[in-house]
There are 2 protein chains.
Amino acid sequence: MTESLDAERMACWRAYIESSQRLFTRLEDDLRADSELSFADYHVLVLLSEAPGQRLRMGELAGRLVFSPSRLTYQVSSMQRRGLVARQSCPQDRRGSEAVLTAAGLLALREAAPHHLRSVRAHLMDDLDDAEVACLTRVFERLGRRLRPDRDDSSTHPE
Amino acid sequence: MTESLDAERMACWRAYIESSQRLFTRLEDDLRADSELSFADYHVLVLLSEAPGQRLRMGELAGRLVFSPSRLTYQVSSMQRRGLVARQSCPQDRRGSEAVLTAAGLLALREAAPHHLRSVRAHLMDDLDDAEVACLTRVFERLGRRLRPDRDDSSTHPE
DNA sequence: GGTGGATGCTTCAAATCCGAATGTCCCCCG
DNA sequence: CGGGGGACATTCGGATTTGAAGCATCCACC
């Protein structure tokens, strides 16, 4: 099964997949253990807290979270039920709606953030030296640019 | 929200999370587009194909896939229904059972592998130079060792 | 100013996933 | 032997996720 990936890259690929899976489930567990939030909840709160007016269109949010539209609808409904966000219809485009951070949502984020960031550091970041951080950043920012949906990829593979 | 992660590490963390999410969904889409298999199906087939006797205990499989026990039960049942694996009760330990690769499962893997590996190369590996591969491998193998569940972590964090 | 196609989001049914409870079986210790 | 605690896997109910279909609105063009 290794016809098309050399041994080094295969090992790299497998280590990346497995460790990432473990890391994500661990962070999720940590977050749930000390905050009523899931990883998705937390990420929504972060994005809203940084947005101008602490509000974001559903589509924009879905794009950044890498969520399907229906998944985001469910996610926001759930958070709305718990009072973490509100939903308002968008004045510029009446098809659309936007999610708005509530005071309770901001508070929940403020309470969860230190724990979560400690968890990210403990499981991942504290083990990385500066060169490794730089390497990961370069690799994953490049990957993100290549995979973001807004780019027509037709001319970039002259092969 | 950045009290505990410096700007470089925060950027690194975000790039890693977002790109990985995008990569996994893209690979899943590619795999489904040209093979009746999900990413999880594929991974199960790979692990079984490499195991001695092309069989693995459920628990072992769950551990390697980073799946909860009930999720693995569901996964294997689904693949059994489609003829990709068989389930046998384990002779040494009658509580347990093992998943066994079938001829159809092996065939499905052989057909899917070239497409999938091409996809992994196209989206990720072809963009990495050797130094980056080495860096990722080192980082993620270390991370995997730290997160694998078999280690008692009690003495490694003297505060 | 109308209309056909696109867009933004939601809804719906079905598939998947999780944690708690369960049923079997192993193994240690009396 | 003969419990009893523990380990392995499954089942069950409920939560989440998905993709397809639906609805309302926008917009480019006539």
# chains A, B, ... in the order shown; residues from 1 in each chain; ligands from 1
>>> select_by_dssp(residues="region 2-138 of chain A", states="strand (DSSP E)", output="list in words")
Arg55, Leu56, Arg57, Val85, Ala86, Arg87, Gln88, Ser89, Ser97, Glu98, Ala99, Val100 and Leu101 of chain A
>>> write_last_selection(atoms="C-alpha atoms", output="compact mmCIF listing (two decimals), in the first residue's frame")
# COMPACT_ATOMS: atom_id res chain seq x y z
CA ARG A 55 -21.31 39.61 15.23
CA LEU A 56 -20.77 37.52 12.12
CA ARG A 57 -22.87 36.31 9.22
CA VAL A 85 -25.28 33.92 21.33
CA ALA A 86 -28.28 35.64 19.80
CA ARG A 87 -29.47 35.48 16.24
CA GLN A 88 -30.47 38.60 14.33
CA SER A 89 -31.67 38.93 10.80
CA SER A 97 -28.85 36.23 9.59
CA GLU A 98 -26.01 36.89 11.91
CA ALA A 99 -24.91 35.46 15.19
CA VAL A 100 -24.19 37.99 17.92
CA LEU A 101 -22.18 37.38 21.04
>>> closest_atom_pairs(of="chain D", to="chain A", cutoff="10 Å", atoms="only C-alpha atoms (C1' of nucleotides)", output="tab-separated table")
residue	atom	partner	partner_atom	distance
D:DT16	C1'	A:Arg71	CA	8.6
D:DT17	C1'	A:Arg71	CA	6.5
D:DT18	C1'	A:Arg71	CA	8.1
D:DG19	C1'	A:Ser70	CA	9.3
D:DC23	C1'	A:Arg95	CA	9.8
D:DA24	C1'	A:Arg95	CA	6.3
D:DT25	C1'	A:Arg95	CA	5.1
D:DC26	C1'	A:Asp93	CA	7.8
>>> write_last_selection(atoms="N, CA and C atoms (P, O5', C5', C4', C3', O3' and C1' of nucleotides)", output="tab-separated table (two decimals), in the first residue's frame")
chain	number	residue	atom	x	y	z
D	16	DT	P	-25.59	18.21	21.35
D	16	DT	O5'	-24.99	17.74	19.94
D	16	DT	C5'	-23.85	16.89	19.93
D	16	DT	C4'	-23.64	16.34	18.54
D	16	DT	C3'	-23.43	17.37	17.43
D	16	DT	O3'	-22.13	17.10	16.94
D	16	DT	C1'	-24.82	15.61	16.71
D	17	DT	P	-21.36	18.03	15.94
D	17	DT	O5'	-21.73	17.42	14.52
D	17	DT	C5'	-21.19	16.17	14.13
D	17	DT	C4'	-21.75	15.77	12.80
D	17	DT	C3'	-21.75	16.87	11.73
D	17	DT	O3'	-20.80	16.50	10.74
D	17	DT	C1'	-23.79	15.63	11.75
D	18	DT	P	-20.62	17.38	9.41
D	18	DT	O5'	-21.48	16.59	8.35
D	18	DT	C5'	-21.50	15.17	8.37
D	18	DT	C4'	-22.53	14.66	7.38
D	18	DT	C3'	-22.64	15.55	6.14
D	18	DT	O3'	-22.24	14.80	5.00
D	18	DT	C1'	-24.79	15.04	7.05
D	19	DG	P	-21.88	15.50	3.66
D	19	DG	O5'	-23.21	15.32	2.78
D	19	DG	C5'	-23.77	14.04	2.64
D	19	DG	C4'	-25.12	14.15	1.95
D	19	DG	C3'	-25.14	15.09	0.74
D	19	DG	O3'	-25.93	14.44	-0.26
D	19	DG	C1'	-26.73	15.82	2.35
D	23	DC	P	-41.31	24.76	0.35
D	23	DC	O5'	-40.73	26.16	0.84
D	23	DC	C5'	-40.20	26.26	2.14
D	23	DC	C4'	-39.60	27.63	2.33
D	23	DC	C3'	-40.27	28.75	1.52
D	23	DC	O3'	-40.49	29.84	2.40
D	23	DC	C1'	-37.95	28.75	1.12
D	24	DA	P	-41.44	31.08	1.92
D	24	DA	O5'	-40.43	32.32	1.93
D	24	DA	C5'	-39.63	32.53	3.09
D	24	DA	C4'	-38.45	33.39	2.70
D	24	DA	C3'	-38.85	34.64	1.91
D	24	DA	O3'	-38.40	35.77	2.63
D	24	DA	C1'	-37.05	33.47	0.85
D	25	DT	P	-38.71	37.24	2.08
D	25	DT	O5'	-37.37	37.58	1.30
D	25	DT	C5'	-36.13	37.47	2.00
D	25	DT	C4'	-35.00	37.55	1.02
D	25	DT	C3'	-35.00	38.83	0.17
D	25	DT	O3'	-33.86	39.58	0.59
D	25	DT	C1'	-34.43	36.90	-1.10
D	26	DC	P	-33.53	40.98	-0.01
D	26	DC	O5'	-32.52	40.62	-1.19
D	26	DC	C5'	-31.19	40.25	-0.84
D	26	DC	C4'	-30.48	39.81	-2.09
D	26	DC	C3'	-30.17	40.93	-3.08
D	26	DC	O3'	-28.77	40.94	-3.29
D	26	DC	C1'	-31.11	39.06	-4.18
>>> interface_residues(of="chain B", to="chain A", cutoff="9 Å", atoms="only C-alpha atoms", output="compact mmCIF listing (two decimals) with C-alpha atoms, in the first residue's frame")
# COMPACT_ATOMS: atom_id res chain seq x y z
CA MET B 1 -7.76 36.08 24.95
CA THR B 2 -4.04 35.72 24.41
CA GLU B 3 -2.76 35.88 27.96
CA SER B 4 -1.03 32.60 27.87
CA LEU B 5 0.13 31.92 24.34
CA GLU B 8 3.65 33.26 17.17
CA ARG B 9 2.28 30.24 18.94
CA ALA B 11 -0.90 31.94 14.95
CA CYS B 12 0.67 28.52 14.68
CA TRP B 13 -2.11 26.91 16.65
CA ARG B 14 -4.82 28.52 14.58
CA ALA B 15 -3.21 27.68 11.27
CA TYR B 16 -2.78 24.11 12.40
CA ILE B 17 -6.40 23.70 13.56
CA GLU B 18 -8.02 25.29 10.57
CA SER B 19 -5.84 23.69 7.92
CA SER B 20 -6.11 20.28 9.46
CA GLN B 21 -9.87 20.56 9.52
CA ARG B 22 -9.90 21.57 5.88
CA LEU B 23 -7.49 18.84 4.92
CA THR B 25 -12.75 17.10 5.06
CA ARG B 26 -11.09 17.38 1.67
CA VAL B 46 -5.24 -0.33 6.25
CA ARG B 64 -5.17 2.81 17.11
CA LEU B 65 -8.04 4.59 15.38
CA VAL B 66 -8.66 6.81 18.40
CA LEU B 109 -8.49 -1.18 -0.21
CA ARG B 110 -6.34 -2.00 -3.22
CA ALA B 113 -5.36 3.26 -2.11
CA PRO B 114 -3.86 4.80 -5.27
CA LEU B 117 -2.50 8.38 -1.72
CA ARG B 118 -2.56 10.63 -4.74
CA VAL B 120 -2.69 12.97 0.22
CA ARG B 121 0.24 13.89 -1.98
CA HIS B 123 -3.11 18.28 -0.95
CA LEU B 124 -0.27 17.95 1.51
CA MET B 125 2.91 16.01 0.85
CA ASP B 127 4.20 20.83 -0.97
CA LEU B 128 6.59 19.80 1.77
CA ASP B 130 12.43 17.13 3.24
CA GLU B 132 9.56 20.08 6.73
CA VAL B 133 8.71 16.41 6.58
CA ALA B 134 11.39 15.71 9.16
CA CYS B 135 10.11 18.46 11.41
CA LEU B 136 6.50 17.35 11.24
CA THR B 137 7.46 13.76 11.86
CA ARG B 138 9.49 14.66 14.91
CA VAL B 139 6.80 16.91 16.35
CA PHE B 140 3.89 14.59 15.80
CA GLU B 141 5.64 11.41 16.85
CA ARG B 142 6.57 13.13 20.09
CA LEU B 143 3.02 14.36 20.50
CA GLY B 144 1.66 10.89 19.83
CA ARG B 145 3.92 9.36 22.45
CA ARG B 146 2.83 11.93 24.98
CA LEU B 147 -0.86 11.46 24.30
CA ARG B 148 -1.03 7.71 24.00
>>> residues_around(residues="Asp41 (chain B)", least_positions_apart="4", cutoff="9 Å", atoms="only C-alpha atoms (C1' of nucleotides)", output="PyMOL selection string")
chain B and resi 37+45-46+75-76+79+84
>>> select_by_dssp(residues="region 3-156 of chain A", states="alpha helix (DSSP H)", output="PyMOL selection string")
chain A and resi 7-33+39-50+58-65+69-81+103-123+130-147
>>> closest_atom_pairs(of="chain C", to="chain A", cutoff="8 Å", atoms="only C-alpha atoms (C1' of nucleotides)", output="Markdown table")
| residue | atom | partner | partner_atom | distance |
| --- | --- | --- | --- | --- |
| C:DG8 | C1' | A:Gly96 | CA | 5.4 |
| C:DC9 | C1' | A:Gly96 | CA | 6.3 |
| C:DT10 | C1' | A:Thr73 | CA | 7.3 |
>>> residues_around(residues="DG5 (chain C)", least_positions_apart="2", cutoff="12 Å", atoms="only C-alpha atoms (C1' of nucleotides)", output="PyMOL selection string")
(chain C and resi 3+7) or (chain D and resi 26-29)
>>> atom_distance(atom1="C1' of DC1 (chain D)", atom2="C1' of DC25 (chain C)")
17.4 Å
>>> atom_distance(atom1="CA of Ser38 (chain A)", atom2="CA of Gln54 (chain A)")
19.8 Å
>>> atom_distance(atom1="CA of Ser119 (chain B)", atom2="CA of Glu28 (chain B)")
9.8 Å
